[in-house]
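One file, query_2.pdb, carrying PDB, C-alpha atoms (C1' of nucleotides):
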ATOM      1  CA  MET A1097     147.920  59.129  90.864
ATOM      2  CA  ASN A1098     150.220  57.050  93.039
ATOM      3  CA  SER A1099     149.623  58.745  96.427
ATOM      4  CA  VAL A1100     147.613  61.913  96.998
ATOM      5  CA  ARG A1101     149.892  62.980  99.837
ATOM      6  CA  ALA A1102     153.127  62.564  97.880
ATOM      7  CA  ARG A1103     151.687  64.642  95.024
ATOM      8  CA  LEU A1104     149.495  67.120  96.866
ATOM      9  CA  GLU A1105     151.317  70.204  95.565
ATOM     10  CA  ARG A1106     151.070  68.952  92.002
ATOM     11  CA  LEU A1107     147.382  68.221  92.498
ATOM     12  CA  LEU A1108     146.665  71.706  93.850
ATOM     13  CA  ALA A1109     148.634  73.343  91.039
ATOM     14  CA  TRP A1110     146.718  71.282  88.484
ATOM     15  CA  LEU A1111     143.366  72.283  89.997
ATOM     16  CA  ARG A1112     144.403  75.930  89.782
ATOM     17  CA  LYS A1113     145.567  75.503  86.188
ATOM     18  CA  VAL A1114     142.652  73.512  84.780
ATOM     19  CA  ASP A1115     139.840  74.552  87.148
ATOM     20  CA  PRO A1116     137.725  71.441  86.482
ATOM     21  CA  ASP A1117     134.153  71.157  87.755
ATOM     22  CA  VAL A1118     134.821  67.544  88.745
ATOM     23  CA  LEU A1119     138.018  65.532  89.226
ATOM     24  CA  CYS A1120     138.101  61.774  89.776
ATOM     25  CA  LEU A1121     141.159  60.451  91.583
ATOM     26  CA  GLN A1122     142.453  56.907  91.949
ATOM     27  CA  GLU A1123     145.257  55.285  93.924
ATOM     28  CA  LEU A1124     145.155  57.721  96.840
ATOM     29  CA  LYS A1125     147.181  55.356  99.018
ATOM     30  CA  CYS A1126     145.776  56.832 102.211
ATOM     31  CA  THR A1127     142.928  56.484 104.674
ATOM     32  CA  ASP A1128     139.985  58.872 104.862
ATOM     33  CA  GLU A1129     141.559  60.364 107.987
ATOM     34  CA  ALA A1130     144.882  61.029 106.250
ATOM     35  CA  PHE A1131     143.264  62.548 103.154
ATOM     36  CA  PRO A1132     144.287  66.230 102.782
ATOM     37  CA  HIS A1133     140.749  67.556 103.131
ATOM     38  CA  ASP A1134     141.732  71.048 104.249
ATOM     39  CA  ALA A1135     144.190  71.776 101.460
ATOM     40  CA  ILE A1136     141.728  70.567  98.843
ATOM     41  CA  SER A1137     138.694  72.319 100.261
ATOM     42  CA  HIS A1138     140.718  75.533 100.155
ATOM     43  CA  ALA A1139     142.218  74.868  96.716
ATOM     44  CA  CYS A1140     141.432  77.581  94.197
ATOM     45  CA  ARG A1141     139.431  79.462  96.777
ATOM     46  CA  GLN A1142     139.850  83.065  95.780
ATOM     47  CA  ALA A1143     137.697  86.137  95.330
ATOM     48  CA  GLY A1144     135.057  84.560  97.511
ATOM     49  CA  GLU A1145     134.844  81.459  95.345
ATOM     50  CA  ALA A1146     134.310  78.131  97.064
ATOM     51  CA  GLY A1147     136.999  75.465  97.046
ATOM     52  CA  TYR A1148     136.496  71.790  96.206
ATOM     53  CA  HIS A1149     134.274  69.283  97.913
ATOM     54  CA  ALA A1150     135.788  65.832  98.312
ATOM     55  CA  ALA A1151     133.963  62.509  98.469
ATOM     56  CA  VAL A1152     136.590  60.016  99.621
ATOM     57  CA  PHE A1153     136.798  56.235  99.913
ATOM     58  CA  GLY A1154     140.237  55.686 101.352
ATOM     59  CA  GLN A1155     142.279  52.712 102.444
ATOM     60  CA  LYS A1156     145.595  52.305 104.204
ATOM     61  CA  THR A1157     148.635  51.882 101.915
ATOM     62  CA  TYR A1158     146.849  50.760  98.738
ATOM     63  CA  ASN A1159     144.018  51.795  96.440
ATOM     64  CA  GLY A1160     141.673  54.585  97.533
ATOM     65  CA  VAL A1161     139.439  56.688  95.261
ATOM     66  CA  ALA A1162     137.903  60.142  95.474
ATOM     67  CA  ILE A1163     135.747  62.637  93.616
ATOM     68  CA  LEU A1164     136.481  66.353  93.907
ATOM     69  CA  SER A1165     133.796  68.763  92.766
ATOM     70  CA  ARG A1166     132.831  72.420  92.773
ATOM     71  CA  SER A1167     129.207  71.536  93.518
ATOM     72  CA  ALA A1168     128.382  69.553  96.625
ATOM     73  CA  PRO A1169     128.161  65.804  95.947
ATOM     74  CA  ALA A1170     124.972  63.995  96.995
ATOM     75  CA  GLU A1171     124.077  60.344  97.488
ATOM     76  CA  ILE A1172     127.676  59.223  97.840
ATOM     77  CA  GLU A1173     128.106  55.469  97.422
ATOM     78  CA  LEU A1174     131.184  53.503  98.413
ATOM     79  CA  GLY A1175     132.056  50.276  96.634
ATOM     80  CA  MET A1176     129.719  48.067  94.645
ATOM     81  CA  ALA A1177     127.060  47.686  97.328
ATOM     82  CA  ASP A1178     126.878  43.959  96.577
ATOM     83  CA  ASP A1179     127.292  40.870  98.729
ATOM     84  CA  ALA A1180     130.987  40.427  98.033
ATOM     85  CA  ASP A1181     133.359  40.693 100.980
ATOM     86  CA  ASP A1182     135.824  43.088  99.360
ATOM     87  CA  PRO A1183     138.153  45.168 101.535
ATOM     88  CA  GLN A1184     139.660  47.079  98.597
ATOM     89  CA  ALA A1185     138.560  50.707  98.130
ATOM     90  CA  ARG A1186     138.258  50.932  94.359
ATOM     91  CA  LEU A1187     134.891  52.512  93.553
ATOM     92  CA  ILE A1188     133.052  55.631  94.658
ATOM     93  CA  SER A1189     130.170  57.459  93.063
ATOM     94  CA  ALA A1190     128.186  60.601  93.758
ATOM     95  CA  LEU A1191     125.415  62.658  92.252
ATOM     96  CA  ILE A1192     126.909  65.940  91.034
ATOM     97  CA  ASP A1193     124.903  68.527  89.053
ATOM     98  CA  GLY A1194     122.488  65.813  87.941
ATOM     99  CA  PHE A1195     125.159  63.353  86.824
ATOM    100  CA  ARG A1196     126.043  60.113  88.573
ATOM    101  CA  VAL A1197     129.847  60.303  88.538
ATOM    102  CA  PHE A1198     131.992  57.235  89.264
ATOM    103  CA  SER A1199     135.678  57.190  90.110
ATOM    104  CA  ALA A1200     136.957  53.656  89.533
ATOM    105  CA  TYR A1201     140.317  52.054  90.141
ATOM    106  CA  PHE A1202     140.148  48.735  88.331
ATOM    107  CA  PRO A1203     142.494  46.054  89.695
ATOM    108  CA  ASN A1204     145.810  45.778  87.882
ATOM    109  CA  GLY A1205     145.733  42.007  87.858
ATOM    110  CA  GLY A1206     149.347  41.207  88.745
ATOM    111  CA  GLU A1207     150.194  38.373  86.408
ATOM    112  CA  VAL A1208     147.822  36.550  84.095
ATOM    113  CA  GLY A1209     146.589  33.444  85.904
ATOM    114  CA  SER A1210     147.362  34.735  89.395
ATOM    115  CA  GLU A1211     144.933  35.372  92.254
ATOM    116  CA  LYS A1212     145.067  39.078  91.441
ATOM    117  CA  TRP A1213     144.142  38.270  87.869
ATOM    118  CA  ASP A1214     141.085  36.330  89.001
ATOM    119  CA  TYR A1215     140.164  39.236  91.276
ATOM    120  CA  LYS A1216     140.439  41.653  88.346
ATOM    121  CA  LEU A1217     138.069  39.612  86.179
ATOM    122  CA  GLU A1218     135.670  39.103  89.071
ATOM    123  CA  TRP A1219     135.761  42.823  89.932
ATOM    124  CA  MET A1220     134.904  43.732  86.336
ATOM    125  CA  ARG A1221     132.074  41.191  86.357
ATOM    126  CA  ARG A1222     130.742  42.705  89.588
ATOM    127  CA  LEU A1223     130.926  46.213  88.134
ATOM    128  CA  LEU A1224     128.811  45.191  85.145
ATOM    129  CA  GLU A1225     126.365  43.494  87.512
ATOM    130  CA  HIS A1226     126.241  46.698  89.545
ATOM    131  CA  PHE A1227     125.101  48.676  86.496
ATOM    132  CA  ASP A1228     122.753  45.889  85.415
ATOM    133  CA  HIS A1229     120.994  45.845  88.769
ATOM    134  CA  ARG A1230     121.168  49.445  89.886
ATOM    135  CA  ALA A1231     121.270  51.742  86.863
ATOM    136  CA  SER A1232     119.901  52.293  83.399
ATOM    137  CA  PRO A1233     121.723  53.293  80.200
ATOM    138  CA  SER A1234     119.236  56.152  79.990
ATOM    139  CA  ASP A1235     120.641  57.586  83.242
ATOM    140  CA  ARG A1236     123.232  60.349  83.017
ATOM    141  CA  ILE A1237     126.340  58.450  84.106
ATOM    142  CA  VAL A1238     130.028  59.269  83.709
ATOM    143  CA  LEU A1239     132.448  56.508  84.671
ATOM    144  CA  CYS A1240     136.045  57.719  84.992
ATOM    145  CA  GLY A1241     139.206  56.153  86.182
ATOM    146  CA  ASP A1242     142.203  53.919  85.843
ATOM    147  CA  PHE A1243     140.635  50.944  84.058
ATOM    148  CA  ASN A1244     143.941  49.082  83.753
ATOM    149  CA  VAL A1245     142.797  47.928  80.316
ATOM    150  CA  ALA A1246     144.013  49.114  76.915
ATOM    151  CA  ILE A1247     140.916  48.707  74.771
ATOM    152  CA  ASP A1248     142.733  47.668  71.605
ATOM    153  CA  ASP A1249     146.210  47.842  70.129
ATOM    154  CA  SER A1250     145.698  51.398  68.842
ATOM    155  CA  ASP A1251     145.917  52.331  72.531
ATOM    156  CA  VAL A1252     149.345  50.711  72.908
ATOM    157  CA  ALA A1253     152.573  52.258  71.593
ATOM    158  CA  ARG A1254     154.339  48.878  71.458
ATOM    159  CA  PRO A1255     151.619  46.260  71.145
ATOM    160  CA  GLU A1256     154.036  43.386  70.664
ATOM    161  CA  GLN A1257     155.668  44.185  73.997
ATOM    162  CA  TRP A1258     152.369  44.228  75.909
ATOM    163  CA  ALA A1259     150.574  41.440  74.053
ATOM    164  CA  GLY A1260     148.894  39.048  76.468
ATOM    165  CA  SER A1261     149.733  41.202  79.504
ATOM    166  CA  VAL A1262     147.196  41.975  82.220
ATOM    167  CA  LEU A1263     146.497  45.337  80.529
ATOM    168  CA  CYS A1264     145.903  43.891  77.050
ATOM    169  CA  HIS A1265     144.724  40.304  77.503
ATOM    170  CA  ASP A1266     141.638  39.238  75.536
ATOM    171  CA  ASP A1267     139.806  38.314  78.746
ATOM    172  CA  VAL A1268     139.922  41.861  80.159
ATOM    173  CA  ARG A1269     139.278  43.406  76.757
ATOM    174  CA  ASP A1270     136.206  41.190  76.441
ATOM    175  CA  ALA A1271     135.083  42.103  79.960
ATOM    176  CA  LEU A1272     135.469  45.797  79.183
ATOM    177  CA  GLU A1273     133.585  45.386  75.917
ATOM    178  CA  ARG A1274     130.693  43.838  77.819
ATOM    179  CA  LEU A1275     130.712  46.799  80.207
ATOM    180  CA  ARG A1276     130.741  49.247  77.284
ATOM    181  CA  ASP A1277     127.971  47.316  75.552
ATOM    182  CA  TRP A1278     125.817  47.798  78.628
ATOM    183  CA  GLY A1279     125.459  51.399  77.491
ATOM    184  CA  PHE A1280     128.699  53.359  77.621
ATOM    185  CA  VAL A1281     130.580  55.398  75.037
ATOM    186  CA  ASP A1282     134.357  55.762  75.267
ATOM    187  CA  VAL A1283     134.260  59.537  74.834
ATOM    188  CA  PHE A1284     138.000  59.877  74.275
ATOM    189  CA  ARG A1285     137.863  57.451  71.364
ATOM    190  CA  LYS A1286     134.917  59.385  69.979
ATOM    191  CA  HIS A1287     137.183  62.408  69.555
ATOM    192  CA  HIS A1288     140.372  60.482  68.681
ATOM    193  CA  PRO A1289     139.370  57.466  66.578
ATOM    194  CA  GLU A1290     142.902  57.126  65.231
ATOM    195  CA  GLY A1291     144.408  56.102  68.575
ATOM    196  CA  GLY A1292     148.099  56.598  69.290
ATOM    197  CA  ILE A1293     147.503  58.739  72.385
ATOM    198  CA  TYR A1294     148.443  57.348  75.768
ATOM    199  CA  SER A1295     147.686  58.069  79.422
ATOM    200  CA  TRP A1296     150.138  55.898  81.352
ATOM    201  CA  TRP A1297     153.837  55.187  81.089
ATOM    202  CA  ASP A1298     155.560  52.742  83.420
ATOM    203  CA  TYR A1299     158.140  54.244  85.770
ATOM    204  CA  ARG A1300     160.178  51.149  85.059
ATOM    205  CA  MET A1301     161.907  50.707  81.748
ATOM    206  CA  LEU A1302     161.874  54.505  81.346
ATOM    207  CA  GLY A1303     158.480  54.274  79.688
ATOM    208  CA  PHE A1304     157.855  57.993  79.308
ATOM    209  CA  PRO A1305     161.124  59.099  77.666
ATOM    210  CA  LYS A1306     160.676  56.247  75.217
ATOM    211  CA  ASN A1307     156.954  56.997  74.862
ATOM    212  CA  ASP A1308     156.270  53.372  75.656
ATOM    213  CA  GLY A1309     152.737  54.285  76.704
ATOM    214  CA  LEU A1310     149.254  52.816  76.904
ATOM    215  CA  ARG A1311     145.827  54.390  77.151
ATOM    216  CA  ILE A1312     144.395  52.634  80.194
ATOM    217  CA  ASP A1313     142.594  55.606  81.777
ATOM    218  CA  HIS A1314     139.144  56.154  80.374
ATOM    219  CA  VAL A1315     136.050  58.322  80.497
ATOM    220  CA  PHE A1316     132.944  56.281  79.741
ATOM    221  CA  ALA A1317     129.608  58.075  79.506
ATOM    222  CA  THR A1318     126.080  56.938  78.780
ATOM    223  CA  ALA A1319     124.516  58.113  75.514
ATOM    224  CA  GLY A1320     123.037  61.345  76.897
ATOM    225  CA  PRO A1321     126.204  62.901  78.302
ATOM    226  CA  ALA A1322     128.332  61.256  75.593
ATOM    227  CA  SER A1323     126.402  63.147  72.914
ATOM    228  CA  ARG A1324     127.235  66.355  74.761
ATOM    229  CA  CYS A1325     130.931  65.622  75.169
ATOM    230  CA  THR A1326     132.685  68.319  73.126
ATOM    231  CA  SER A1327     136.314  67.347  73.734
ATOM    232  CA  ALA A1328     138.540  64.845  75.483
ATOM    233  CA  GLU A1329     142.301  65.189  75.786
ATOM    234  CA  VAL A1330     145.231  63.725  77.680
ATOM    235  CA  ASP A1331     147.134  66.381  79.632
ATOM    236  CA  ARG A1332     150.458  64.876  78.658
ATOM    237  CA  ASP A1333     152.463  67.745  80.141
ATOM    238  CA  GLU A1334     151.341  66.603  83.583
ATOM    239  CA  ARG A1335     153.449  63.458  83.150
ATOM    240  CA  LYS A1336     156.533  65.715  82.956
ATOM    241  CA  GLY A1337     158.424  67.688  85.577
ATOM    242  CA  LYS A1338     159.345  66.871  89.135
ATOM    243  CA  LYS A1339     157.834  63.786  90.759
ATOM    244  CA  PRO A1340     155.110  63.110  88.206
ATOM    245  CA  SER A1341     152.522  60.409  88.614
ATOM    246  CA  ASP A1342     152.913  57.516  86.188
ATOM    247  CA  HIS A1343     149.494  58.549  84.788
ATOM    248  CA  ALA A1344     148.498  61.721  82.937
ATOM    249  CA  PRO A1345     145.016  63.181  83.515
ATOM    250  CA  ILE A1346     142.210  62.907  80.964
ATOM    251  CA  VAL A1347     140.251  66.138  80.540
ATOM    252  CA  ALA A1348     136.757  65.741  79.106
ATOM    253  CA  THR A1349     134.376  68.635  78.477
ATOM    254  CA  PHE A1350     130.586  68.301  78.485
ATOM    255  CA  ASP A1351     128.037  70.852  77.281
ATOM    256  CA  VAL A1352     125.397  71.008  79.978
TER     257      VAL A1352
ATOM    258  C1'  DA B1212     162.533  35.539  82.117
ATOM    259  C1'  DT B1213     164.172  39.758  84.100
ATOM    260  C1'  DG B1214     164.727  44.444  84.636
ATOM    261  C1'  DG B1215     163.682  49.158  85.607
ATOM    262  C1'  DT B1216     161.178  53.224  89.446
ATOM    263  C1'  DT B1217     158.096  54.876  93.030
ATOM    264  C1'  DG B1218     155.383  55.051  97.509
ATOM    265  C1'  DC B1219     154.163  53.200 101.806
ATOM    266  C1'  DT B1220     156.082  51.252 105.483
ATOM    267  C1'  DT B1221     160.035  49.639 107.319
ATOM    268  C1'  DA B1222     162.280  44.868 103.610
ATOM    269  C1'  DG B1223     158.632  43.719 101.175
ATOM    270  C1'  DC B1224     154.562  44.505  98.387
ATOM    271  C1'  DA B1225     152.063  46.573  94.714
ATOM    272  C1'  DA B1226     152.147  48.851  90.578
TER     273       DA B1226
END

Would you mind writing the file out in structure tokens?
Amino acid sequence: MNSVRARLERLLAWLRKVDPDVLCLQELKCTDEAFPHDAISHACRQAGEAGYHAAVFGQKTYNGVAILSRSAPAEIELGMADDADDPQARLISALIDGFRVFSAYFPNGGEVGSEKWDYKLEWMRRLLEHFDHRASPSDRIVLCGDFNVAIDDSDVARPEQWAGSVLCHDDVRDALERLRDWGFVDVFRKHHPEGGIYSWWDYRMLGFPKNDGLRIDHVFATAGPASRCTSAEVDRDERKGKKPSDHAPIVATFDV
DNA sequence: ATGGTTGCTTAGCAA
């Protein structure tokens, strides 16, 4: 979302408009202390209704992820809980209404071949290992976030322009395929097999006016919840207007 | 190959 503080008013307006049960946020760009807990806990509170709970894993300046929910989150986990010494706040999960919900901010990767690129591949390997060691495909899991990977060229408006980039390279597509093969369904693709719908447009190069977009934000669900996913859409209007994020939200609906 | 924009933090980095 490119800073929760810079876009707080937009966030609150979106919560009022869409009224989601759960919202996964990435790229907060603030510490836990600076997170706007009060505004969000009061958001949409009306007629005696509760506001949103927030499970937050913040970091100064960069990264930062959160999960907002109507129901109280339980068993909140920060990061991968592995042996890696990783100071970057890119993963949080919580148990909400019987679902293990993850908000993930996959590394961008900088340039192919760089240190950031190696970190991206290693982070994706660690995430798969996390599920291998600590979860089962029969669990009810929903993994949401900015994956920084366009799964195939149907998710890229101008594939020739992005070919071989950190968002489209075979190595990250392969890594994401391995993660999906662990037991996830791309629920957006399930409802839009034709592709051609995007979730992110670069601020640079005037990506949005030219619709030079990519679908790099995903909702992955294990088979149980995936079979109960009744719709998934990009809220493209949210990329418009004053001070938009460079991403548009994905809205997925589950019959529970 | 570079550019273009945005936010955080203060001119440079990350995206």

Report as JSON lines the residues of chain B within 10 Å of chain A, each with its shortest atom pair and distance in Å (one decimal), using all atoms listed in the file, ordered by chain and increasing residue number.
{"residue": "B:DG1214", "atom": "C1'", "partner": "A:Met1301", "partner_atom": "CA", "distance": 7.5}
{"residue": "B:DG1215", "atom": "C1'", "partner": "A:Arg1300", "partner_atom": "CA", "distance": 4.1}
{"residue": "B:DT1216", "atom": "C1'", "partner": "A:Tyr1299", "partner_atom": "CA", "distance": 4.9}
{"residue": "B:DT1217", "atom": "C1'", "partner": "A:Tyr1299", "partner_atom": "CA", "distance": 7.3}
{"residue": "B:DG1218", "atom": "C1'", "partner": "A:Ser1099", "partner_atom": "CA", "distance": 6.9}
{"residue": "B:DC1219", "atom": "C1'", "partner": "A:Thr1157", "partner_atom": "CA", "distance": 5.7}
{"residue": "B:DT1220", "atom": "C1'", "partner": "A:Thr1157", "partner_atom": "CA", "distance": 8.3}
{"residue": "B:DC1224", "atom": "C1'", "partner": "A:Tyr1158", "partner_atom": "CA", "distance": 9.9}
{"residue": "B:DA1225", "atom": "C1'", "partner": "A:Tyr1158", "partner_atom": "CA", "distance": 7.8}
{"residue": "B:DA1226", "atom": "C1'", "partner": "A:Asn1204", "partner_atom": "CA", "distance": 7.5}

Enter the distance from atom CA of A:Val1252 to atom CA of A:Trp1296, in Å, rounded to one decimal.
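We find that atom CA of A:Val1252 and atom CA of A:Trp1296 lie 9.9 Å from each other.
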
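Minimum atom-to-atom distance to A:Leu1310, evaluated using only C-alpha atoms, belongs to A:Phe1243 out of A:Phe1195, A:Phe1243, A:Phe1131, A:Trp1278.
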
Between atom CA of A:Leu1272 and atom CA of A:Gln1155, what is the distance, to one decimal in Å?
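The value is 25.2 Å.
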
Rank A:Arg1222, A:Gly1194, A:Asn1307, A:Gly1147 by their smallest atom-to-atom distance to A:Gly1175, using only C-alpha atoms, and report the top residue only.
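With only C-alpha atoms as the atom set, the closest residue is A:Arg1222.
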
Rank nothing, just name the residue among A:Glu1173, A:Asp1242, A:Leu1217, A:Glu1334 nearest to A:Leu1107, using all atoms listed in the file.
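Counting all atoms listed in the file, the residue closest to A:Leu1107 is A:Glu1334.
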
Residues matched by the PyMOL selection byres ((chain A and resi 1223) around 10) as a list in words
Gly1175, Met1176, Asp1178, Leu1187, Ala1200, Phe1202, Leu1217, Glu1218, Trp1219, Met1220, Arg1221, Arg1222, Leu1224, Glu1225, His1226, Phe1227, Asp1228, His1229 and Leu1275 of chain A

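Using only C-alpha atoms (C1' of nucleotides), the protein and nucleic acid residues lying at most 9 Å from the point (141.2, 58.1, 101.8) are Val1100, Leu1124, Lys1125, Cys1126, Thr1127, Asp1128, Glu1129, Ala1130, Phe1131, Pro1132, Val1152, Phe1153, Gly1154, Gln1155, Lys1156, Asn1159, Gly1160, Val1161, Ala1162 and Ala1185 of chain A.
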
Selection file, C-alpha atoms, as a PDB file, in the coordinates of the input:
ATOM      1  CA  VAL A1100     147.613  61.913  96.998  1.00  0.00           C
ATOM      2  CA  LEU A1124     145.155  57.721  96.840  1.00  0.00           C
ATOM      3  CA  LYS A1125     147.181  55.356  99.018  1.00  0.00           C
ATOM      4  CA  CYS A1126     145.776  56.832 102.211  1.00  0.00           C
ATOM      5  CA  THR A1127     142.928  56.484 104.674  1.00  0.00           C
ATOM      6  CA  ASP A1128     139.985  58.872 104.862  1.00  0.00           C
ATOM      7  CA  GLU A1129     141.559  60.364 107.987  1.00  0.00           C
ATOM      8  CA  ALA A1130     144.882  61.029 106.250  1.00  0.00           C
ATOM      9  CA  PHE A1131     143.264  62.548 103.154  1.00  0.00           C
ATOM     10  CA  PRO A1132     144.287  66.230 102.782  1.00  0.00           C
ATOM     11  CA  VAL A1152     136.590  60.016  99.621  1.00  0.00           C
ATOM     12  CA  PHE A1153     136.798  56.235  99.913  1.00  0.00           C
ATOM     13  CA  GLY A1154     140.237  55.686 101.352  1.00  0.00           C
ATOM     14  CA  GLN A1155     142.279  52.712 102.444  1.00  0.00           C
ATOM     15  CA  LYS A1156     145.595  52.305 104.204  1.00  0.00           C
ATOM     16  CA  ASN A1159     144.018  51.795  96.440  1.00  0.00           C
ATOM     17  CA  GLY A1160     141.673  54.585  97.533  1.00  0.00           C
ATOM     18  CA  VAL A1161     139.439  56.688  95.261  1.00  0.00           C
ATOM     19  CA  ALA A1162     137.903  60.142  95.474  1.00  0.00           C
ATOM     20  CA  ALA A1185     138.560  50.707  98.130  1.00  0.00           C
TER      21      ALA A1185
END

Determine, counting all atoms listed in the file, which protein, DNA and RNA residues have an atom within 8 Å of an atom of A:Asn1244; residues of the same chain fewer than 5 positions away are not included. Present the result as a list in words.
Tyr1201, Phe1202, Pro1203, Asn1204, Val1262, Leu1263, Ile1312 and Asp1313 of chain A

Those residues with C-alpha atoms, as a PDB file, keeping the file's coordinate frame please?
ATOM      1  CA  TYR A1201     140.317  52.054  90.141  1.00  0.00           C
ATOM      2  CA  PHE A1202     140.148  48.735  88.331  1.00  0.00           C
ATOM      3  CA  PRO A1203     142.494  46.054  89.695  1.00  0.00           C
ATOM      4  CA  ASN A1204     145.810  45.778  87.882  1.00  0.00           C
ATOM      5  CA  VAL A1262     147.196  41.975  82.220  1.00  0.00           C
ATOM      6  CA  LEU A1263     146.497  45.337  80.529  1.00  0.00           C
ATOM      7  CA  ILE A1312     144.395  52.634  80.194  1.00  0.00           C
ATOM      8  CA  ASP A1313     142.594  55.606  81.777  1.00  0.00           C
TER       9      ASP A1313
END

Could you list, as an NGL selection string, every residue matched by the PyMOL selection byres ((chain A and resi 1273) around 12) in this structure?
:A and (1220-1221 or 1224 or 1245-1248 or 1266-1272 or 1274-1282 or 1316)

Residue nearest A:Val1238 among A:Val1208, A:Ala1177, A:Ile1163, A:Ala1322 (counting only C-alpha atoms)
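So, comparing all the options, the nearest one is A:Ala1322.
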
I need the residue set behind the PyMOL selection byres ((chain A and resi 1255) around 12) for this file; please write it as a PyMOL selection string.
chain A and resi 1246-1254+1256-1261+1263-1265+1292+1308-1311

Among listed residues A:Arg1236, A:Lys1212, A:Arg1332, A:Arg1166, nearest A:Arg1196 (using only C-alpha atoms)
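Going through A:Arg1236, A:Lys1212, A:Arg1332, A:Arg1166 one by one, the smallest distance to A:Arg1196 is for A:Arg1236.
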
For atom CA of A:Glu1207 and atom CA of A:Asp1181, determine how far apart the two atoms are, in Å to one decimal place.
22.4 Å

Supply stretch 1336-1351 of chain A as a compact mmCIF listing (two decimals), in the coordinates of the input, with N, CA and C atoms built in where the input has gaps.
# COMPACT_ATOMS: atom_id res chain seq x y z
N LYS A 1336 155.16 65.19 82.94
CA LYS A 1336 156.53 65.72 82.96
C LYS A 1336 156.83 66.39 84.29
N GLY A 1337 158.05 66.89 84.41
CA GLY A 1337 158.42 67.69 85.58
C GLY A 1337 158.84 66.84 86.76
N LYS A 1338 158.83 67.49 87.92
CA LYS A 1338 159.34 66.87 89.14
C LYS A 1338 158.29 65.97 89.78
N LYS A 1339 158.71 64.76 90.08
CA LYS A 1339 157.83 63.79 90.76
C LYS A 1339 156.46 63.64 90.11
N PRO A 1340 156.42 63.31 88.84
CA PRO A 1340 155.11 63.11 88.21
C PRO A 1340 154.50 61.79 88.65
N SER A 1341 153.19 61.71 88.54
CA SER A 1341 152.52 60.41 88.61
C SER A 1341 152.92 59.60 87.39
N ASP A 1342 152.69 58.30 87.41
CA ASP A 1342 152.91 57.52 86.19
C ASP A 1342 151.73 57.67 85.21
N HIS A 1343 150.64 58.27 85.67
CA HIS A 1343 149.49 58.55 84.79
C HIS A 1343 149.41 60.03 84.45
N ALA A 1344 148.86 60.35 83.28
CA ALA A 1344 148.50 61.72 82.94
C ALA A 1344 146.97 61.85 83.01
N PRO A 1345 146.47 63.02 83.40
CA PRO A 1345 145.02 63.18 83.52
C PRO A 1345 144.33 63.22 82.15
N ILE A 1346 143.08 62.74 82.13
CA ILE A 1346 142.21 62.91 80.96
C ILE A 1346 141.26 64.06 81.28
N VAL A 1347 141.15 65.00 80.35
CA VAL A 1347 140.25 66.14 80.54
C VAL A 1347 139.14 66.04 79.51
N ALA A 1348 137.92 65.83 79.99
CA ALA A 1348 136.76 65.74 79.11
C ALA A 1348 135.81 66.90 79.40
N THR A 1349 135.28 67.48 78.34
CA THR A 1349 134.38 68.64 78.48
C THR A 1349 132.98 68.25 78.01
N PHE A 1350 131.98 68.61 78.81
CA PHE A 1350 130.59 68.30 78.48
C PHE A 1350 129.78 69.60 78.43
N ASP A 1351 128.99 69.74 77.38
CA ASP A 1351 128.04 70.85 77.28
C ASP A 1351 126.83 70.52 78.13
